[in-house]
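The file data.cif contains mmCIF, C-alpha atoms:
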data_data
loop_
_atom_site.label_atom_id
_atom_site.label_comp_id
_atom_site.auth_asym_id
_atom_site.auth_seq_id
_atom_site.Cartn_x
_atom_site.Cartn_y
_atom_site.Cartn_z
CA MET A 19 -56.61 -27.05 28.91
CA SER A 20 -58.22 -25.29 31.95
CA ASP A 21 -57.77 -25.16 35.71
CA THR A 22 -59.97 -23.83 38.57
CA THR A 23 -58.51 -20.92 40.51
CA HIS A 24 -58.91 -20.32 44.27
CA ASP A 25 -62.02 -18.13 43.72
CA GLY A 26 -63.75 -20.71 41.54
CA ALA A 27 -62.99 -18.98 38.21
CA LEU A 28 -61.70 -20.89 35.29
CA ALA A 29 -58.23 -20.07 33.99
CA THR A 30 -56.73 -21.39 30.82
CA SER A 31 -53.10 -22.47 30.61
CA ARG A 32 -50.98 -22.76 27.49
CA PRO A 33 -49.86 -26.18 26.35
CA PRO A 34 -46.16 -26.95 26.88
CA SER A 35 -43.99 -25.30 24.19
CA ASP A 36 -42.04 -27.45 21.75
CA ASP A 37 -38.98 -25.34 22.70
CA ALA A 38 -39.16 -26.23 26.37
CA GLY A 39 -35.95 -27.77 27.58
CA LEU A 40 -33.89 -26.77 24.54
CA SER A 41 -30.51 -25.16 25.16
CA SER A 42 -29.55 -21.82 23.62
CA ALA A 43 -27.39 -23.54 21.01
CA GLU A 44 -30.24 -25.92 20.10
CA LEU A 45 -32.68 -23.01 19.79
CA ALA A 46 -30.24 -21.15 17.52
CA ARG A 47 -29.87 -24.20 15.28
CA LYS A 48 -33.64 -24.73 15.17
CA TYR A 49 -34.42 -21.20 14.03
CA GLY A 50 -31.31 -20.61 11.89
CA LEU A 51 -29.82 -18.00 14.19
CA SER A 52 -26.13 -17.14 14.25
CA VAL A 53 -23.86 -15.20 16.58
CA SER A 54 -23.64 -11.50 15.75
CA GLY A 55 -20.20 -10.78 14.30
CA ALA A 56 -19.34 -14.46 13.93
CA ARG A 57 -16.46 -15.32 11.62
CA PRO A 58 -17.66 -16.27 8.12
CA GLY A 59 -16.06 -19.04 6.10
CA LEU A 60 -12.84 -18.21 4.30
CA GLY A 61 -14.47 -18.13 0.86
CA GLU A 62 -17.32 -15.95 2.08
CA TYR A 63 -14.81 -13.67 3.81
CA VAL A 64 -12.92 -13.15 0.55
CA ARG A 65 -16.22 -12.32 -1.20
CA GLN A 66 -17.06 -9.78 1.50
CA LEU A 67 -13.65 -8.16 1.09
CA TRP A 68 -14.13 -7.92 -2.67
CA GLY A 69 -17.48 -6.27 -2.04
CA ARG A 70 -15.72 -3.66 0.12
CA ARG A 71 -12.98 -2.92 -2.44
CA HIS A 72 -14.29 0.59 -3.09
CA PHE A 73 -14.26 1.33 0.63
CA ILE A 74 -10.68 0.01 0.92
CA MET A 75 -9.47 2.26 -1.89
CA ALA A 76 -11.36 5.33 -0.68
CA PHE A 77 -10.20 4.82 2.91
CA SER A 78 -6.56 4.48 1.85
CA ARG A 79 -6.74 7.65 -0.28
CA ALA A 80 -8.37 9.59 2.55
CA LYS A 81 -5.68 8.45 5.01
CA LEU A 82 -2.96 9.42 2.53
CA VAL A 83 -4.38 12.92 2.07
CA ALA A 84 -4.93 13.40 5.81
CA GLN A 85 -1.47 12.14 6.78
CA TYR A 86 0.24 15.51 6.28
CA SER A 87 -2.82 17.76 6.28
CA GLN A 88 -1.54 19.75 9.27
CA ALA A 89 1.89 20.41 7.72
CA LYS A 90 2.47 23.54 5.62
CA LEU A 91 4.30 21.58 2.93
CA GLY A 92 1.57 18.96 2.89
CA GLN A 93 2.19 15.95 0.67
CA VAL A 94 5.74 17.15 -0.09
CA TRP A 95 6.78 15.37 3.11
CA GLN A 96 5.94 12.02 1.50
CA VAL A 97 9.09 12.47 -0.57
CA ALA A 98 11.07 14.87 1.62
CA THR A 99 11.19 12.56 4.66
CA PRO A 100 12.93 9.58 3.00
CA LEU A 101 15.19 11.96 1.03
CA LEU A 102 16.33 13.63 4.25
CA ASN A 103 16.93 10.19 5.75
CA ALA A 104 19.01 9.29 2.70
CA LEU A 105 21.07 12.47 3.12
CA VAL A 106 21.73 11.71 6.80
CA TYR A 107 22.70 8.11 6.07
CA TRP A 108 24.98 9.23 3.21
CA LEU A 109 26.79 11.67 5.51
CA ILE A 110 27.27 9.07 8.24
CA PHE A 111 27.72 5.81 6.37
CA ALA A 112 29.42 6.98 3.18
CA LEU A 113 31.54 9.94 4.27
CA ILE A 114 32.38 8.84 7.81
CA LEU A 115 32.11 5.06 7.96
CA ASN A 116 33.08 4.34 4.34
CA ALA A 117 30.11 2.00 3.89
CA ASP A 118 30.11 2.69 0.15
CA ARG A 119 33.30 0.70 -0.42
CA GLY A 120 33.12 -1.51 -3.44
CA MET A 121 30.73 0.90 -5.22
CA PRO A 122 31.40 4.13 -7.14
CA LYS A 123 29.36 7.18 -6.12
CA GLY A 124 27.31 6.88 -9.28
CA VAL A 125 26.09 3.54 -7.98
CA TYR A 126 26.07 4.10 -4.22
CA ILE A 127 23.77 7.13 -4.10
CA PRO A 128 20.99 5.51 -6.18
CA PHE A 129 21.65 2.30 -4.20
CA LEU A 130 21.06 4.18 -0.94
CA VAL A 131 18.00 6.14 -2.11
CA ILE A 132 16.29 3.02 -3.49
CA GLY A 133 17.04 1.15 -0.28
CA ILE A 134 15.52 3.88 1.91
CA PHE A 135 12.35 4.28 -0.14
CA VAL A 136 11.72 0.56 -0.62
CA PHE A 137 12.43 -0.38 2.99
CA THR A 138 10.22 2.48 4.22
CA PHE A 139 7.37 0.89 2.24
CA THR A 140 7.65 -2.31 4.30
CA GLN A 141 8.40 -0.51 7.56
CA SER A 142 5.40 1.83 7.27
CA SER A 143 3.05 -1.00 6.29
CA LEU A 144 4.11 -2.99 9.35
CA MET A 145 3.70 -0.02 11.70
CA ALA A 146 0.29 0.84 10.24
CA GLY A 147 -0.77 -2.79 10.65
CA VAL A 148 0.09 -2.78 14.36
CA ARG A 149 -2.21 0.21 14.89
CA ALA A 150 -4.93 -0.87 12.44
CA ILE A 151 -7.38 -2.22 15.04
CA PRO A 152 -6.53 -0.19 18.21
CA GLY A 153 -6.42 3.03 16.18
CA ASN A 154 -9.85 2.45 14.62
CA LEU A 155 -11.86 0.92 17.46
CA GLY A 156 -14.76 3.31 16.93
CA LEU A 157 -15.12 2.16 13.34
CA VAL A 158 -14.65 -1.51 14.24
CA ARG A 159 -17.29 -1.43 16.98
CA ALA A 160 -19.83 0.71 15.11
CA LEU A 161 -19.93 -1.01 11.72
CA HIS A 162 -20.00 -4.57 10.46
CA PHE A 163 -17.40 -5.15 7.76
CA PRO A 164 -14.50 -7.59 7.20
CA ARG A 165 -11.79 -6.32 9.54
CA ALA A 166 -9.05 -7.26 7.07
CA SER A 167 -10.18 -4.18 5.13
CA LEU A 168 -8.18 -2.05 7.57
CA PRO A 169 -4.66 -3.55 7.25
CA ILE A 170 -5.19 -3.99 3.50
CA SER A 171 -6.21 -0.34 3.22
CA PHE A 172 -3.18 0.84 5.19
CA SER A 173 -0.85 -1.22 3.00
CA MET A 174 -2.55 0.26 -0.05
CA GLN A 175 -1.93 3.71 1.40
CA GLN A 176 1.79 2.99 1.72
CA LEU A 177 1.90 1.62 -1.83
CA GLN A 178 0.35 4.81 -3.19
CA GLN A 179 2.86 6.86 -1.24
CA LEU A 180 5.73 4.80 -2.65
CA LEU A 181 4.44 5.18 -6.22
CA TYR A 182 4.51 8.97 -5.83
CA SER A 183 8.01 8.72 -4.39
CA MET A 184 9.24 6.51 -7.24
CA ILE A 185 9.10 9.54 -9.52
CA VAL A 186 11.86 11.11 -7.42
CA VAL A 187 13.77 7.80 -7.38
CA PHE A 188 13.68 7.66 -11.19
CA VAL A 189 14.96 11.24 -11.41
CA ILE A 190 17.88 10.49 -9.06
CA VAL A 191 18.72 7.27 -10.89
CA ILE A 192 18.76 9.09 -14.23
CA CYS A 193 20.87 11.93 -12.80
CA PHE A 194 23.58 9.37 -12.03
CA GLY A 195 23.70 7.98 -15.55
CA ASN A 196 21.14 5.16 -15.42
CA PHE A 197 18.70 5.64 -18.27
CA PRO A 198 15.38 3.84 -18.84
CA GLN A 199 15.62 0.39 -20.39
CA LEU A 200 13.61 -2.83 -20.46
CA SER A 201 14.97 -3.95 -17.08
CA TRP A 202 13.07 -1.06 -15.47
CA LEU A 203 9.84 -2.99 -16.11
CA LEU A 204 10.97 -5.50 -13.47
CA VAL A 205 10.06 -2.88 -10.87
CA LEU A 206 6.34 -3.63 -11.41
CA PRO A 207 6.33 -7.35 -10.46
CA VAL A 208 8.73 -6.66 -7.59
CA LEU A 209 6.40 -4.02 -6.13
CA VAL A 210 3.41 -6.34 -6.54
CA LEU A 211 5.23 -9.10 -4.65
CA GLN A 212 6.38 -6.67 -1.97
CA PHE A 213 2.84 -5.32 -1.59
CA VAL A 214 1.48 -8.85 -1.05
CA PHE A 215 4.25 -9.53 1.47
CA ASN A 216 3.66 -6.21 3.28
CA THR A 217 -0.09 -6.79 3.46
CA GLY A 218 0.36 -10.23 4.98
CA LEU A 219 2.86 -8.82 7.46
CA ALA A 220 0.46 -5.98 8.34
CA MET A 221 -2.31 -8.53 9.02
CA ILE A 222 -0.08 -10.62 11.29
CA PHE A 223 0.83 -7.60 13.37
CA ALA A 224 -2.72 -6.20 13.22
CA ARG A 225 -3.95 -9.30 15.04
CA ALA A 226 -1.04 -9.12 17.51
CA GLY A 227 -1.55 -5.38 18.02
CA SER A 228 -5.27 -5.81 18.67
CA LYS A 229 -4.45 -7.90 21.75
CA THR A 230 -1.28 -6.06 22.78
CA PRO A 231 -1.47 -2.34 21.92
CA ASP A 232 1.92 -1.77 23.59
CA LEU A 233 3.46 -3.66 20.67
CA ALA A 234 3.40 -0.37 18.75
CA GLN A 235 5.99 1.02 21.18
CA LEU A 236 8.33 -1.91 20.58
CA MET A 237 8.12 -2.06 16.79
CA PRO A 238 10.41 0.95 16.01
CA PHE A 239 13.29 -0.94 17.66
CA VAL A 240 12.45 -4.09 15.69
CA THR A 241 12.21 -2.30 12.35
CA ARG A 242 15.44 -0.36 13.01
CA THR A 243 17.29 -3.60 13.65
CA TRP A 244 15.72 -5.11 10.54
CA MET A 245 16.86 -2.10 8.49
CA TYR A 246 20.49 -2.46 9.57
CA ALA A 247 20.37 -6.20 8.85
CA SER A 248 18.93 -5.71 5.35
CA GLY A 249 21.73 -3.75 3.71
CA VAL A 250 19.84 -0.50 3.25
CA MET A 251 23.00 1.58 3.64
CA PHE A 252 25.68 -0.89 2.52
CA SER A 253 26.30 -3.95 0.38
CA ILE A 254 25.87 -7.05 2.55
CA SER A 255 28.20 -9.18 0.45
CA GLU A 256 30.93 -6.52 0.48
CA MET A 257 30.68 -5.72 4.19
CA LEU A 258 30.67 -9.40 5.22
CA LYS A 259 33.15 -10.81 2.73
CA ASP A 260 35.58 -11.72 5.55
CA LYS A 261 32.80 -13.44 7.56
CA PRO A 262 31.39 -16.96 7.13
CA ALA A 263 29.39 -17.12 3.89
CA TRP A 264 26.21 -18.34 5.58
CA ILE A 265 25.84 -15.04 7.49
CA ALA A 266 25.70 -13.02 4.28
CA ASP A 267 23.33 -15.58 2.73
CA VAL A 268 20.88 -15.36 5.63
CA LEU A 269 20.87 -11.56 5.54
CA GLN A 270 20.50 -11.41 1.75
CA TRP A 271 17.62 -13.89 1.79
CA ASN A 272 15.55 -11.84 4.21
CA PRO A 273 12.55 -10.41 2.31
CA ALA A 274 13.35 -6.72 2.80
CA ALA A 275 16.82 -7.21 1.30
CA ILE A 276 15.46 -9.28 -1.60
CA TYR A 277 12.90 -6.69 -2.73
CA MET A 278 15.39 -3.83 -2.37
CA ASP A 279 18.09 -5.66 -4.32
CA LEU A 280 15.73 -6.62 -7.15
CA ILE A 281 14.71 -2.99 -7.66
CA ARG A 282 18.35 -1.89 -7.48
CA PHE A 283 19.19 -4.53 -10.07
CA ALA A 284 16.36 -3.29 -12.30
CA LEU A 285 17.27 0.42 -12.13
CA ILE A 286 21.05 0.66 -11.61
CA ASP A 287 23.33 -0.31 -14.49
CA GLY A 288 26.32 -0.95 -12.22
CA TYR A 289 24.38 -3.25 -9.88
CA GLY A 290 24.56 -6.58 -11.67
CA PRO A 291 23.36 -10.13 -10.95
CA GLU A 292 26.54 -10.86 -8.99
CA ASN A 293 25.06 -8.70 -6.21
CA LEU A 294 21.95 -10.88 -5.93
CA PRO A 295 21.67 -14.09 -3.88
CA PRO A 296 20.99 -17.40 -5.68
CA HIS A 297 17.35 -18.15 -6.58
CA VAL A 298 16.38 -14.56 -5.78
CA TRP A 299 13.10 -14.62 -7.71
CA ALA A 300 12.04 -17.89 -6.09
CA PHE A 301 12.61 -16.33 -2.69
CA ALA A 302 10.77 -13.14 -3.69
CA VAL A 303 7.69 -15.14 -4.75
CA GLY A 304 7.99 -17.53 -1.81
CA TRP A 305 8.07 -14.78 0.81
CA ALA A 306 5.05 -13.08 -0.79
CA VAL A 307 3.01 -16.30 -0.88
CA LEU A 308 4.04 -17.49 2.58
CA ILE A 309 3.51 -14.21 4.44
CA GLY A 310 0.71 -12.88 2.23
CA LEU A 311 -1.57 -15.93 2.38
CA GLY A 312 -0.41 -17.03 5.83
CA GLY A 313 -1.00 -13.58 7.29
CA PHE A 314 -4.46 -13.38 5.72
CA VAL A 315 -5.56 -16.73 7.18
CA TYR A 316 -4.00 -15.90 10.55
CA PHE A 317 -5.91 -12.60 10.70
CA TRP A 318 -9.19 -14.18 9.55
CA LYS A 319 -9.10 -16.79 12.31
CA ALA A 320 -9.54 -14.07 14.96
CA GLU A 321 -12.13 -12.07 12.99
CA GLU A 322 -14.90 -12.27 15.62
CA ARG A 323 -12.59 -11.07 18.42
CA TYR A 324 -11.52 -7.70 16.98
CA GLY A 325 -12.94 -4.77 18.94
CA ARG A 326 -14.26 -6.97 21.75
CA GLY A 327 -13.30 -6.47 25.36
#

Entire entry expressed as structure tokens:
Amino acid sequence: MSDTTHDGALATSRPPSDDAGLSSAELARKYGLSVSGARPGLGEYVRQLWGRRHFIMAFSRAKLVAQYSQAKLGQVWQVATPLLNALVYWLIFALILNADRGMPKGVYIPFLVIGIFVFTFTQSSLMAGVRAIPGNLGLVRALHFPRASLPISFSMQQLQQLLYSMIVVFVIVICFGNFPQLSWLLVLPVLVLQFVFNTGLAMIFARAGSKTPDLAQLMPFVTRTWMYASGVMFSISEMLKDKPAWIADVLQWNPAAIYMDLIRFALIDGYGPENLPPHVWAFAVGWAVLIGLGGFVYFWKAEERYGRG
């Protein structure tokens, strides 16, 4: 096709393009284009996470090593911090407030130490989840990877820290006359269930924290309240025996209390099944499935929004 210009020369013009009049969305569909950073399907997302498993493990180990790198005692603080907390709580709750009533000292001290270490596992995973996105914005904005890698990695870091600490827990338990037996093997499935629960919880709060960074300032008050309501320092059934039964049931069925009590039951000879709520294993599995899977899906649904804005 040709036209005559104002000076008599011939000028050629291109024929109308087939793309003329198409919207951006129609052009993207025509040429198979997709939005950069768009959320993949759930199955594809799981496959991407599995492909990043080595990164998740390496990142969690690096964070664990760096956590106390500036302290002279280094990794000793992984164990020293919860032990010092246990000492403080023993002085206040056992010696002053008589919170150990109903339990001999040979039971109460392992009871308290297990409670502190196991609850700290959940507490630290939650706090790390809140900061997972805001604390790693440079990484999130610079590289393309499934963002769930971050809260999973932080939960893995806390699990590794707990596993190191469990050596000290075993020593304390043995020192108070509780020797290894088959029931100790129950610790493994309990920790697996708690890890799944913690990871789901970390993902829920990672999404919330990505939109509201100030949530990190509020969480210490929430976790402290949760700790007091979970029977870390005292037996819920003993302390509330003169209260309506449903109050003790609600507190004992909260996930932090369930995982603590199952590990106490596994390791302490004097902590029998009468100290556990009914259907305790069903609740342990149910909390892990509900929060673990629910938290994963909830986090995935906002995948394309992390690091934006």

Test item: the PyMOL selection byres ((chain A and resi 234-240) around 12) resolved as number ranges by chain: A: 138, 141-153, 223-224, 226-233, 241-247

Coordinates-based distance that separates atom CA of A:Phe317 from atom CA of A:Arg225 (Å, one decimal):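 Going from atom CA of A:Arg225 over to atom CA of A:Phe317, I get 5.8 Å.
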
All residues 9 Å or closer to stretch 279-285 of chain A, all atoms listed in the file, same chain fewer than 5 positions away omitted, as a ChimeraX atom specification: /A:128-129,132-133,136,188,191,196-205,208-209,270,274,290-291,293-294,298-299,302

Selection under test: the PyMOL selection byres ((chain A and resi 98) around 12); residues as a list in words: Tyr86, Leu91, Gly92, Gln93, Val94, Trp95, Gln96, Val97, Thr99, Pro100, Leu101, Leu102, Asn103, Ala104, Leu105, Val131, Ile134, Phe135, Gln179, Tyr182, Ser183, Val186 and Val187 of chain A

Only C-alpha atoms, please: the residues just picked out, written as an mmCIF file, keeping the file's coordinate frame.
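Saved file part-v7.cif follows:
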data_model
loop_
_atom_site.group_PDB
_atom_site.id
_atom_site.type_symbol
_atom_site.label_atom_id
_atom_site.label_comp_id
_atom_site.auth_asym_id
_atom_site.auth_seq_id
_atom_site.Cartn_x
_atom_site.Cartn_y
_atom_site.Cartn_z
ATOM 1 C CA TYR A 86 0.240 15.510 6.280
ATOM 2 C CA LEU A 91 4.300 21.580 2.930
ATOM 3 C CA GLY A 92 1.570 18.960 2.890
ATOM 4 C CA GLN A 93 2.190 15.950 0.670
ATOM 5 C CA VAL A 94 5.740 17.150 -0.090
ATOM 6 C CA TRP A 95 6.780 15.370 3.110
ATOM 7 C CA GLN A 96 5.940 12.020 1.500
ATOM 8 C CA VAL A 97 9.090 12.470 -0.570
ATOM 9 C CA THR A 99 11.190 12.560 4.660
ATOM 10 C CA PRO A 100 12.930 9.580 3.000
ATOM 11 C CA LEU A 101 15.190 11.960 1.030
ATOM 12 C CA LEU A 102 16.330 13.630 4.250
ATOM 13 C CA ASN A 103 16.930 10.190 5.750
ATOM 14 C CA ALA A 104 19.010 9.290 2.700
ATOM 15 C CA LEU A 105 21.070 12.470 3.120
ATOM 16 C CA VAL A 131 18.000 6.140 -2.110
ATOM 17 C CA ILE A 134 15.520 3.880 1.910
ATOM 18 C CA PHE A 135 12.350 4.280 -0.140
ATOM 19 C CA GLN A 179 2.860 6.860 -1.240
ATOM 20 C CA TYR A 182 4.510 8.970 -5.830
ATOM 21 C CA SER A 183 8.010 8.720 -4.390
ATOM 22 C CA VAL A 186 11.860 11.110 -7.420
ATOM 23 C CA VAL A 187 13.770 7.800 -7.380
#

Please tell me which residues are no farther than 8 Å from (-2.6, -7.8, -2.5) in the file, counting all atoms listed in the file, and write them as a PDB file with C-alpha atoms, in the frame of the given file.
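What follows is the written file selection_9.pdb:
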ATOM      1  CA  ILE A 170      -5.190  -3.990   3.500  1.00  0.00           C
ATOM      2  CA  VAL A 210       3.410  -6.340  -6.540  1.00  0.00           C
ATOM      3  CA  PHE A 213       2.840  -5.320  -1.590  1.00  0.00           C
ATOM      4  CA  VAL A 214       1.480  -8.850  -1.050  1.00  0.00           C
ATOM      5  CA  THR A 217      -0.090  -6.790   3.460  1.00  0.00           C
ATOM      6  CA  GLY A 310       0.710 -12.880   2.230  1.00  0.00           C
TER       7      GLY A 310
END

Report the centre and edge lengths, in Å to one decimal, of an axis-aligned box enclosing every atom of stretch 145-152 of chain A listed in the file, padded by 3 Å on each side, as lines of an AutoDock Vina configuration file.
center_x = -1.8
center_y = -1.0
center_z = 14.2
size_x = 17.1
size_y = 9.6
size_z = 14.0

Counting all atoms listed in the file, the residue of A:Ala320, A:Leu311, A:Leu115, A:Val268 that sits nearest A:Phe252: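 Closest to A:Phe252 of all the choices is A:Leu115.
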
For A:Ser248, the nearest of the candidates A:Gln66, A:Ser173, A:Thr140, A:Asn216, counting all atoms listed in the file: A:Thr140

A:Leu177, A:Ile222, A:Ala275, A:Ala300 ranked by distance to A:Leu82, top pick (using only C-alpha atoms):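 Selected residue with least distance to A:Leu82: A:Leu177.
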
Matched chain/residue IDs from the PyMOL selection byres ((chain A and resi 326) around 12), as a list of chain:residue names: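 For this structure, the PyMOL selection byres ((chain A and resi 326) around 12) captures A:Gly55, A:Ala56, A:Ile151, A:Pro152, A:Leu155, A:Gly156, A:Val158, A:Arg159, A:Ala160, A:Ser228, A:Lys229, A:Ala320, A:Glu321, A:Glu322, A:Arg323, A:Tyr324, A:Gly325, A:Gly327.
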
Residue nearest A:Ser255 - candidates A:Arg119, A:Arg79, A:Arg57, A:Arg65, atoms counted: only C-alpha atoms: A:Arg119

Non-local contacts of A:Ala166 (8 Å; all atoms listed in the file; under 3 positions in same chain excluded) as a list of chain:residue names: A:Leu67, A:Pro169, A:Ile170, A:Met221, A:Phe314, A:Phe317, A:Trp318

Save stretch 130-142 of chain A to a file: N, CA, C and O atoms, as a PDB file, in the first residue's frame.
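Result written to part07.pdb:
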ATOM      1  N   LEU A 130       8.862 -28.076  84.611  1.00  0.00           N
ATOM      2  CA  LEU A 130       9.080 -26.669  84.292  1.00  0.00           C
ATOM      3  C   LEU A 130      10.066 -26.508  83.142  1.00  0.00           C
ATOM      4  O   LEU A 130       9.827 -25.723  82.209  1.00  0.00           O
ATOM      5  N   VAL A 131      11.168 -27.248  83.176  1.00  0.00           N
ATOM      6  CA  VAL A 131      12.194 -27.120  82.140  1.00  0.00           C
ATOM      7  C   VAL A 131      11.637 -27.536  80.783  1.00  0.00           C
ATOM      8  O   VAL A 131      11.842 -26.844  79.767  1.00  0.00           O
ATOM      9  N   ILE A 132      10.909 -28.650  80.738  1.00  0.00           N
ATOM     10  CA  ILE A 132      10.307 -29.089  79.475  1.00  0.00           C
ATOM     11  C   ILE A 132       9.330 -28.036  78.965  1.00  0.00           C
ATOM     12  O   ILE A 132       9.320 -27.700  77.766  1.00  0.00           O
ATOM     13  N   GLY A 133       8.510 -27.500  79.859  1.00  0.00           N
ATOM     14  CA  GLY A 133       7.549 -26.492  79.452  1.00  0.00           C
ATOM     15  C   GLY A 133       8.203 -25.275  78.837  1.00  0.00           C
ATOM     16  O   GLY A 133       7.768 -24.769  77.795  1.00  0.00           O
ATOM     17  N   ILE A 134       9.295 -24.804  79.454  1.00  0.00           N
ATOM     18  CA  ILE A 134       9.985 -23.602  78.942  1.00  0.00           C
ATOM     19  C   ILE A 134      10.589 -23.871  77.573  1.00  0.00           C
ATOM     20  O   ILE A 134      10.416 -23.076  76.648  1.00  0.00           O
ATOM     21  N   PHE A 135      11.302 -24.984  77.428  1.00  0.00           N
ATOM     22  CA  PHE A 135      11.964 -25.265  76.154  1.00  0.00           C
ATOM     23  C   PHE A 135      10.948 -25.500  75.039  1.00  0.00           C
ATOM     24  O   PHE A 135      11.117 -24.997  73.921  1.00  0.00           O
ATOM     25  N   VAL A 136       9.905 -26.257  75.314  1.00  0.00           N
ATOM     26  CA  VAL A 136       8.932 -26.596  74.270  1.00  0.00           C
ATOM     27  C   VAL A 136       8.102 -25.370  73.895  1.00  0.00           C
ATOM     28  O   VAL A 136       7.834 -25.132  72.708  1.00  0.00           O
ATOM     29  N   PHE A 137       7.700 -24.576  74.879  1.00  0.00           N
ATOM     30  CA  PHE A 137       6.930 -23.379  74.533  1.00  0.00           C
ATOM     31  C   PHE A 137       7.793 -22.368  73.777  1.00  0.00           C
ATOM     32  O   PHE A 137       7.308 -21.690  72.866  1.00  0.00           O
ATOM     33  N   THR A 138       9.060 -22.255  74.143  1.00  0.00           N
ATOM     34  CA  THR A 138       9.963 -21.339  73.443  1.00  0.00           C
ATOM     35  C   THR A 138      10.070 -21.699  71.970  1.00  0.00           C
ATOM     36  O   THR A 138      10.206 -20.814  71.111  1.00  0.00           O
ATOM     37  N   PHE A 139       9.996 -22.985  71.648  1.00  0.00           N
ATOM     38  CA  PHE A 139      10.008 -23.443  70.257  1.00  0.00           C
ATOM     39  C   PHE A 139       8.853 -22.804  69.478  1.00  0.00           C
ATOM     40  O   PHE A 139       9.043 -22.239  68.391  1.00  0.00           O
ATOM     41  N   THR A 140       7.656 -22.848  70.017  1.00  0.00           N
ATOM     42  CA  THR A 140       6.497 -22.248  69.356  1.00  0.00           C
ATOM     43  C   THR A 140       6.585 -20.729  69.358  1.00  0.00           C
ATOM     44  O   THR A 140       6.337 -20.074  68.337  1.00  0.00           O
ATOM     45  N   GLN A 141       6.955 -20.169  70.498  1.00  0.00           N
ATOM     46  CA  GLN A 141       7.038 -18.712  70.614  1.00  0.00           C
ATOM     47  C   GLN A 141       8.046 -18.132  69.621  1.00  0.00           C
ATOM     48  O   GLN A 141       7.757 -17.144  68.925  1.00  0.00           O
ATOM     49  N   SER A 142       9.219 -18.724  69.530  1.00  0.00           N
ATOM     50  CA  SER A 142      10.261 -18.213  68.640  1.00  0.00           C
ATOM     51  C   SER A 142       9.881 -18.381  67.176  1.00  0.00           C
ATOM     52  O   SER A 142      10.190 -17.513  66.343  1.00  0.00           O
TER      53      SER A 142
END
